[in-house]
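Notes follow once the structure below has been shown.
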Amino acid sequence: MRALVAVVDGDRRAVELIHEGIEVVGVLAPEALALLARDDLAEPDASRALRALADADVVILTVDRTHTDVAVVALCDRARTRIVPFAATADDLRTAEALGLESPLAPDVPVWRLCEVLAAEPVSAAAAPSTTGPAVIAVWGPAGAPGRSTVAVGLALELARGGRRTALVDADTAAPSQALSLSLPDEGPGFAAACRSAERGALDAAELTRIALPLGDTGVEVLTGLNRPSRWPELSAARVEAALSACRGWVDHVVVDVAAPLERDEEIVSDLEDGPRRNAATVAALQAADLVVAVGSADPVGIARYLRGHAELRAIVGSTRVVSLINRVRPGVLGIDARGQVRRALDRFGNIEDVWFLPHDGRSADAALLAARPLGLVAPRSGVTLGIRRFVGEAVLPPTPTGPAGADAPTRRVRAARRRRPERAALPTRG
């Protein structure tokens, strides 16, 4: 077997392979194949690299987001050379999966194990998308900043727990904020580039991995939003729908942060029948979603806005499931039994029964904004973090019941009634 080595510390690896009886036809820098694929490698290095690639049966390659892309894989495919990838981080592992490479090895893998992999049949690293739970989750809320973006980030982080592949998409055309709040560059391609590629039919898992930004080592891929709201015509309904459809085959769960306005009456003031619509991205994302999380603020104004917007939301999404998540619950603006008051108001005026709550935690929210990091990482024991975790476990990814339907778990309304009627301790009597 003849091998081409293109890894960090390649000379040492080449010596080890030679001692094991593997013929090494060349040693390249990890980025050399990427330069060769782009015709950026100068002569005579380019000719030597091409000759070595053609002579090799396998290329041992360090995979990373910067230097490994579809062009490198296509170059090796044309030479009929197998790629054995090395991946140092979880981000590199996701890159290998997106490119359809075989299961990567750690950079410090023993040479005997490497030789076993070279002699064995390749095993693909790409995993089948999860069939459990909703694939596309849209997070909507009425005007007034009820906490849509914070909830969207929290949902993405929680869904990524346990190895699930998760993406966070900022499709807000009115006030995009995910890049700034997460300390990510907002001048990158982001979701707008994904939409343009989807319109051309060129959006696949590899391209999505290339343009997405990893959120640290959380396992969440972020497609940032528009850096200027005036660019909203780039997110047309057809583009957004096509991009989200491509995202379904990229990751297990896609959390989409959308804008508040839902009006679709632009036709009244537009002379163009098929002209751009300011709220098209929001409407398209909501209609493409498998689950809609409607976020409201627990105060009199916020609940009034939520009830008005919820009726419009239901008209747009049709039969898609909508769950209500009421944020910033505190007794200061609603008095005693704030949750009970909100629950009764939503039930009476909106016939809304699926309601979950998040407590008000201004100190943790301020700390997350100051650090430009997700609240779940800054304050993992915050009531908001724990509330989102419970919400995901109960409303988004509920466990499968083991017994007969309705036999083991009481309904949410019954549980709520039990919480509203706590048992009172008996008072001591005077003798």
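How things are named: the first chain in the structure tokens is A, the next is B, and so on; residues count from 1 in each chain; ligands count from 1 in the order shown.
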Exercise. So which bits of region 248-350 of chain A end up alpha helix (DSSP H) when you DSSP the backbone, as number ranges by chain?
Worked result: A: 248, 280-288, 300-317, 331-334, 338-350
Problem set entry | Within 8 Å of Ala87 (chain A) using only C-alpha atoms, minus same-chain residues under 3 positions, as a VMD selection string | chain A and resid 62 to 64 90 92 to 93 96 104 to 107
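CA of Arg210 (chain A) is found 8.2 Å from CA of Thr66 (chain A).
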Exercise. Within 7 Å of Leu291 (chain A), counting only C-alpha atoms, which residues qualify if same-chain residues fewer than 4 places away don't, as a ChimeraX atom specification?
Worked result: /A:134,136-138,320-322
Would you write out those residues with C-alpha atoms, as a PDB file, in the first residue's frame?
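Done, and the output landed in selection.pdb:
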```pdb
ATOM      1  CA  PRO A 134     -39.159  18.205  15.252  1.00  0.00           C
ATOM      2  CA  VAL A 136     -37.255  22.643  12.203  1.00  0.00           C
ATOM      3  CA  ILE A 137     -38.301  24.698  15.238  1.00  0.00           C
ATOM      4  CA  ALA A 138     -39.304  28.331  14.701  1.00  0.00           C
ATOM      5  CA  THR A 320     -48.581  23.020  12.957  1.00  0.00           C
ATOM      6  CA  ARG A 321     -48.201  22.599  16.703  1.00  0.00           C
ATOM      7  CA  VAL A 322     -47.686  25.833  18.635  1.00  0.00           C
TER       8      VAL A 322
END
```
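Here the residues within region 165-198 of chain A that DSSP labels strand (DSSP E or B) on the basis of the backbone are Thr166, Ala167, Leu168, Val169 and Asp170 of chain A.
Restricting the calculation to only C-alpha atoms, the smallest distance between Pro146 (chain A) and any of A:Asp299, A:Asp361, A:Asp77, A:Glu31 is found for A:Asp299.
Restricting the calculation to only C-alpha atoms, the smallest distance between Gly188 (chain A) and any of A:Pro176, A:Pro276, A:Gly144, A:Gly225 is found for A:Gly225.
Comparing A:Val7, A:Leu114, A:Asp290, A:Leu75 by their smallest distance to Ile22 (chain A), the closest is A:Leu114 (using only C-alpha atoms).
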For this session: Tell me which of A:Ala88, A:Val139, A:Val355, A:Ala288 sits closest to Ala259 (chain A), counting only C-alpha atoms.
Result: A:Val139
For this session: Please identify all polymer residues within 8 Å of Ile388 (chain A), counting only C-alpha atoms, omitting same-chain residues fewer than 3 positions from it, and present them as a ChimeraX atom specification.
Result: /A:151,154-155,158,358,384-385,391-392
Env of Arg308 (chain A): 12 Å cut, atoms = only C-alpha atoms, seq-sep filter 2 positions within chain, self excluded. Answer as a PDB file with all heavy atoms, in the first residue's frame.
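Final file, part.pdb:
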```pdb
ATOM      1  N   GLY A 141     -42.180  35.582  18.583  1.00  0.00           N
ATOM      2  CA  GLY A 141     -42.757  36.328  19.686  1.00  0.00           C
ATOM      3  C   GLY A 141     -43.233  37.673  19.187  1.00  0.00           C
ATOM      4  O   GLY A 141     -42.726  38.181  18.177  1.00  0.00           O
ATOM      5  N   PRO A 142     -44.208  38.287  19.847  1.00  0.00           N
ATOM      6  CA  PRO A 142     -44.731  39.578  19.389  1.00  0.00           C
ATOM      7  C   PRO A 142     -43.725  40.696  19.617  1.00  0.00           C
ATOM      8  O   PRO A 142     -42.642  40.486  20.185  1.00  0.00           O
ATOM      9  CB  PRO A 142     -45.987  39.762  20.249  1.00  0.00           C
ATOM     10  CG  PRO A 142     -45.689  39.010  21.503  1.00  0.00           C
ATOM     11  CD  PRO A 142     -44.872  37.827  21.087  1.00  0.00           C
ATOM     12  N   ALA A 143     -44.084  41.879  19.187  1.00  0.00           N
ATOM     13  CA  ALA A 143     -43.221  43.041  19.377  1.00  0.00           C
ATOM     14  C   ALA A 143     -43.037  43.324  20.870  1.00  0.00           C
ATOM     15  O   ALA A 143     -43.874  42.966  21.704  1.00  0.00           O
ATOM     16  CB  ALA A 143     -43.835  44.259  18.685  1.00  0.00           C
ATOM     17  N   ALA A 260     -40.840  39.600  14.622  1.00  0.00           N
ATOM     18  CA  ALA A 260     -42.162  39.665  15.230  1.00  0.00           C
ATOM     19  C   ALA A 260     -43.291  39.924  14.243  1.00  0.00           C
ATOM     20  O   ALA A 260     -44.351  39.293  14.333  1.00  0.00           O
ATOM     21  CB  ALA A 260     -42.177  40.736  16.331  1.00  0.00           C
ATOM     22  N   PRO A 261     -43.141  40.842  13.269  1.00  0.00           N
ATOM     23  CA  PRO A 261     -44.284  41.172  12.409  1.00  0.00           C
ATOM     24  C   PRO A 261     -44.748  39.995  11.571  1.00  0.00           C
ATOM     25  O   PRO A 261     -43.940  39.245  11.024  1.00  0.00           O
ATOM     26  CB  PRO A 261     -43.730  42.304  11.519  1.00  0.00           C
ATOM     27  CG  PRO A 261     -42.567  42.861  12.265  1.00  0.00           C
ATOM     28  CD  PRO A 261     -41.977  41.708  12.990  1.00  0.00           C
ATOM     29  N   LEU A 262     -46.073  39.857  11.459  1.00  0.00           N
ATOM     30  CA  LEU A 262     -46.672  38.770  10.691  1.00  0.00           C
ATOM     31  C   LEU A 262     -47.561  39.259   9.558  1.00  0.00           C
ATOM     32  O   LEU A 262     -48.147  38.451   8.842  1.00  0.00           O
ATOM     33  CB  LEU A 262     -47.506  37.871  11.614  1.00  0.00           C
ATOM     34  CG  LEU A 262     -46.771  37.191  12.763  1.00  0.00           C
ATOM     35  CD1 LEU A 262     -47.768  36.457  13.658  1.00  0.00           C
ATOM     36  CD2 LEU A 262     -45.723  36.225  12.244  1.00  0.00           C
ATOM     37  N   GLY A 296     -43.752  34.840  24.916  1.00  0.00           N
ATOM     38  CA  GLY A 296     -44.418  36.042  25.390  1.00  0.00           C
ATOM     39  C   GLY A 296     -43.788  36.555  26.656  1.00  0.00           C
ATOM     40  O   GLY A 296     -43.048  35.839  27.338  1.00  0.00           O
ATOM     41  N   VAL A 301     -48.973  44.255  29.367  1.00  0.00           N
ATOM     42  CA  VAL A 301     -48.825  44.663  27.968  1.00  0.00           C
ATOM     43  C   VAL A 301     -48.340  43.488  27.125  1.00  0.00           C
ATOM     44  O   VAL A 301     -48.821  43.257  26.015  1.00  0.00           O
ATOM     45  CB  VAL A 301     -47.853  45.857  27.858  1.00  0.00           C
ATOM     46  CG1 VAL A 301     -47.603  46.223  26.402  1.00  0.00           C
ATOM     47  CG2 VAL A 301     -48.404  47.059  28.607  1.00  0.00           C
ATOM     48  N   GLY A 302     -47.354  42.745  27.649  1.00  0.00           N
ATOM     49  CA  GLY A 302     -46.822  41.616  26.901  1.00  0.00           C
ATOM     50  C   GLY A 302     -47.853  40.546  26.638  1.00  0.00           C
ATOM     51  O   GLY A 302     -47.905  39.970  25.536  1.00  0.00           O
ATOM     52  N   ILE A 303     -48.720  40.254  27.618  1.00  0.00           N
ATOM     53  CA  ILE A 303     -49.751  39.237  27.419  1.00  0.00           C
ATOM     54  C   ILE A 303     -50.798  39.716  26.416  1.00  0.00           C
ATOM     55  O   ILE A 303     -51.287  38.938  25.582  1.00  0.00           O
ATOM     56  CB  ILE A 303     -50.410  38.874  28.763  1.00  0.00           C
ATOM     57  CG1 ILE A 303     -49.394  38.197  29.677  1.00  0.00           C
ATOM     58  CG2 ILE A 303     -51.610  37.972  28.548  1.00  0.00           C
ATOM     59  CD1 ILE A 303     -48.803  36.923  29.115  1.00  0.00           C
ATOM     60  N   ALA A 304     -51.142  41.000  26.449  1.00  0.00           N
ATOM     61  CA  ALA A 304     -52.106  41.528  25.470  1.00  0.00           C
ATOM     62  C   ALA A 304     -51.542  41.418  24.054  1.00  0.00           C
ATOM     63  O   ALA A 304     -52.244  41.014  23.114  1.00  0.00           O
ATOM     64  CB  ALA A 304     -52.434  42.973  25.810  1.00  0.00           C
ATOM     65  N   ARG A 305     -50.285  41.808  23.892  1.00  0.00           N
ATOM     66  CA  ARG A 305     -49.660  41.676  22.574  1.00  0.00           C
ATOM     67  C   ARG A 305     -49.587  40.219  22.136  1.00  0.00           C
ATOM     68  O   ARG A 305     -49.773  39.889  20.964  1.00  0.00           O
ATOM     69  CB  ARG A 305     -48.254  42.272  22.604  1.00  0.00           C
ATOM     70  CG  ARG A 305     -48.222  43.797  22.693  1.00  0.00           C
ATOM     71  CD  ARG A 305     -46.798  44.285  22.895  1.00  0.00           C
ATOM     72  NE  ARG A 305     -46.706  45.732  22.791  1.00  0.00           N
ATOM     73  CZ  ARG A 305     -45.625  46.439  23.108  1.00  0.00           C
ATOM     74  NH1 ARG A 305     -44.539  45.793  23.572  1.00  0.00           N
ATOM     75  NH2 ARG A 305     -45.606  47.742  22.968  1.00  0.00           N
ATOM     76  N   TYR A 306     -49.294  39.347  23.079  1.00  0.00           N
ATOM     77  CA  TYR A 306     -49.172  37.931  22.756  1.00  0.00           C
ATOM     78  C   TYR A 306     -50.499  37.364  22.265  1.00  0.00           C
ATOM     79  O   TYR A 306     -50.546  36.616  21.282  1.00  0.00           O
ATOM     80  CB  TYR A 306     -48.682  37.162  23.983  1.00  0.00           C
ATOM     81  CG  TYR A 306     -48.476  35.692  23.730  1.00  0.00           C
ATOM     82  CD1 TYR A 306     -47.294  35.222  23.180  1.00  0.00           C
ATOM     83  CD2 TYR A 306     -49.478  34.770  24.032  1.00  0.00           C
ATOM     84  CE1 TYR A 306     -47.106  33.877  22.942  1.00  0.00           C
ATOM     85  CE2 TYR A 306     -49.306  33.424  23.796  1.00  0.00           C
ATOM     86  CZ  TYR A 306     -48.108  32.980  23.255  1.00  0.00           C
ATOM     87  OH  TYR A 306     -47.931  31.655  23.009  1.00  0.00           O
ATOM     88  N   HIS A 310     -50.955  35.874  18.639  1.00  0.00           N
ATOM     89  CA  HIS A 310     -51.160  34.428  18.582  1.00  0.00           C
ATOM     90  C   HIS A 310     -52.259  34.060  17.594  1.00  0.00           C
ATOM     91  O   HIS A 310     -52.164  33.037  16.894  1.00  0.00           O
ATOM     92  CB  HIS A 310     -51.497  33.898  19.982  1.00  0.00           C
ATOM     93  CG  HIS A 310     -51.491  32.411  20.090  1.00  0.00           C
ATOM     94  ND1 HIS A 310     -52.604  31.640  19.819  1.00  0.00           N
ATOM     95  CD2 HIS A 310     -50.513  31.536  20.424  1.00  0.00           C
ATOM     96  CE1 HIS A 310     -52.313  30.365  19.993  1.00  0.00           C
ATOM     97  NE2 HIS A 310     -51.052  30.264  20.362  1.00  0.00           N
ATOM     98  N   ALA A 311     -53.298  34.863  17.525  1.00  0.00           N
ATOM     99  CA  ALA A 311     -54.374  34.590  16.570  1.00  0.00           C
ATOM    100  C   ALA A 311     -53.851  34.680  15.134  1.00  0.00           C
ATOM    101  O   ALA A 311     -54.183  33.834  14.287  1.00  0.00           O
ATOM    102  CB  ALA A 311     -55.523  35.565  16.789  1.00  0.00           C
ATOM    103  N   GLU A 312     -53.025  35.699  14.835  1.00  0.00           N
ATOM    104  CA  GLU A 312     -52.438  35.815  13.502  1.00  0.00           C
ATOM    105  C   GLU A 312     -51.483  34.655  13.232  1.00  0.00           C
ATOM    106  O   GLU A 312     -51.417  34.139  12.106  1.00  0.00           O
ATOM    107  CB  GLU A 312     -51.706  37.152  13.372  1.00  0.00           C
ATOM    108  CG  GLU A 312     -52.592  38.365  13.523  1.00  0.00           C
ATOM    109  CD  GLU A 312     -51.804  39.651  13.367  1.00  0.00           C
ATOM    110  OE1 GLU A 312     -50.840  39.667  12.579  1.00  0.00           O
ATOM    111  OE2 GLU A 312     -52.132  40.637  14.044  1.00  0.00           O
ATOM    112  N   LEU A 313     -50.735  34.256  14.247  1.00  0.00           N
ATOM    113  CA  LEU A 313     -49.801  33.143  14.095  1.00  0.00           C
ATOM    114  C   LEU A 313     -50.525  31.862  13.729  1.00  0.00           C
ATOM    115  O   LEU A 313     -50.096  31.124  12.827  1.00  0.00           O
ATOM    116  CB  LEU A 313     -49.013  32.967  15.398  1.00  0.00           C
ATOM    117  CG  LEU A 313     -48.049  31.794  15.465  1.00  0.00           C
ATOM    118  CD1 LEU A 313     -46.889  32.003  14.501  1.00  0.00           C
ATOM    119  CD2 LEU A 313     -47.533  31.604  16.887  1.00  0.00           C
ATOM    120  N   ARG A 314     -51.634  31.584  14.403  1.00  0.00           N
ATOM    121  CA  ARG A 314     -52.389  30.363  14.118  1.00  0.00           C
ATOM    122  C   ARG A 314     -52.927  30.377  12.692  1.00  0.00           C
ATOM    123  O   ARG A 314     -52.980  29.325  12.027  1.00  0.00           O
ATOM    124  CB  ARG A 314     -53.550  30.224  15.110  1.00  0.00           C
ATOM    125  CG  ARG A 314     -53.117  29.825  16.483  1.00  0.00           C
ATOM    126  CD  ARG A 314     -53.423  28.357  16.746  1.00  0.00           C
ATOM    127  NE  ARG A 314     -52.958  27.466  15.700  1.00  0.00           N
ATOM    128  CZ  ARG A 314     -52.122  26.444  15.901  1.00  0.00           C
ATOM    129  NH1 ARG A 314     -51.638  26.212  17.093  1.00  0.00           N
ATOM    130  NH2 ARG A 314     -51.779  25.645  14.911  1.00  0.00           N
ATOM    131  N   ALA A 315     -53.305  31.541  12.200  1.00  0.00           N
ATOM    132  CA  ALA A 315     -53.809  31.627  10.828  1.00  0.00           C
ATOM    133  C   ALA A 315     -52.716  31.325   9.815  1.00  0.00           C
ATOM    134  O   ALA A 315     -52.994  30.816   8.726  1.00  0.00           O
ATOM    135  CB  ALA A 315     -54.392  33.014  10.574  1.00  0.00           C
ATOM    136  N   LEU A 346     -54.659  33.352  29.301  1.00  0.00           N
ATOM    137  CA  LEU A 346     -54.460  32.721  28.000  1.00  0.00           C
ATOM    138  C   LEU A 346     -55.559  31.710  27.700  1.00  0.00           C
ATOM    139  O   LEU A 346     -56.010  31.586  26.553  1.00  0.00           O
ATOM    140  CB  LEU A 346     -53.089  32.032  27.965  1.00  0.00           C
ATOM    141  CG  LEU A 346     -51.861  32.944  28.073  1.00  0.00           C
ATOM    142  CD1 LEU A 346     -50.586  32.125  28.000  1.00  0.00           C
ATOM    143  CD2 LEU A 346     -51.872  34.008  26.983  1.00  0.00           C
ATOM    144  N   PHE A 349     -59.027  34.009  27.076  1.00  0.00           N
ATOM    145  CA  PHE A 349     -59.109  34.899  25.917  1.00  0.00           C
ATOM    146  C   PHE A 349     -58.496  34.302  24.644  1.00  0.00           C
ATOM    147  O   PHE A 349     -58.754  34.821  23.555  1.00  0.00           O
ATOM    148  CB  PHE A 349     -58.408  36.228  26.232  1.00  0.00           C
ATOM    149  CG  PHE A 349     -59.040  36.978  27.349  1.00  0.00           C
ATOM    150  CD1 PHE A 349     -58.437  37.026  28.600  1.00  0.00           C
ATOM    151  CD2 PHE A 349     -60.250  37.635  27.175  1.00  0.00           C
ATOM    152  CE1 PHE A 349     -59.015  37.729  29.639  1.00  0.00           C
ATOM    153  CE2 PHE A 349     -60.841  38.330  28.219  1.00  0.00           C
ATOM    154  CZ  PHE A 349     -60.225  38.373  29.462  1.00  0.00           C
ATOM    155  N   GLY A 350     -57.687  33.252  24.762  1.00  0.00           N
ATOM    156  CA  GLY A 350     -57.071  32.683  23.574  1.00  0.00           C
ATOM    157  C   GLY A 350     -57.240  31.189  23.435  1.00  0.00           C
ATOM    158  O   GLY A 350     -56.760  30.608  22.463  1.00  0.00           O
TER     159      GLY A 350
END
```
For this session: Show which residues sit within 10 Å of Ser230 (chain A), as a list in words. Count only C-alpha atoms, and ignore same-chain residues fewer than 3 positions away.
Result: Thr173, Ala174, Leu226, Asn227, Pro233, Glu234 and Arg278 of chain A
Exercise. Which residue gives the smallest distance to Ala280 (chain A) among A:Ala246, A:Ala37, A:Val251, A:Ala171, with only C-alpha atoms counted?
Worked result: A:Ala171
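Counting only C-alpha atoms, the residue from A:Val25, A:Leu4, A:Leu182, A:Cys247 that sits nearest to Pro374 (chain A) is A:Leu182.
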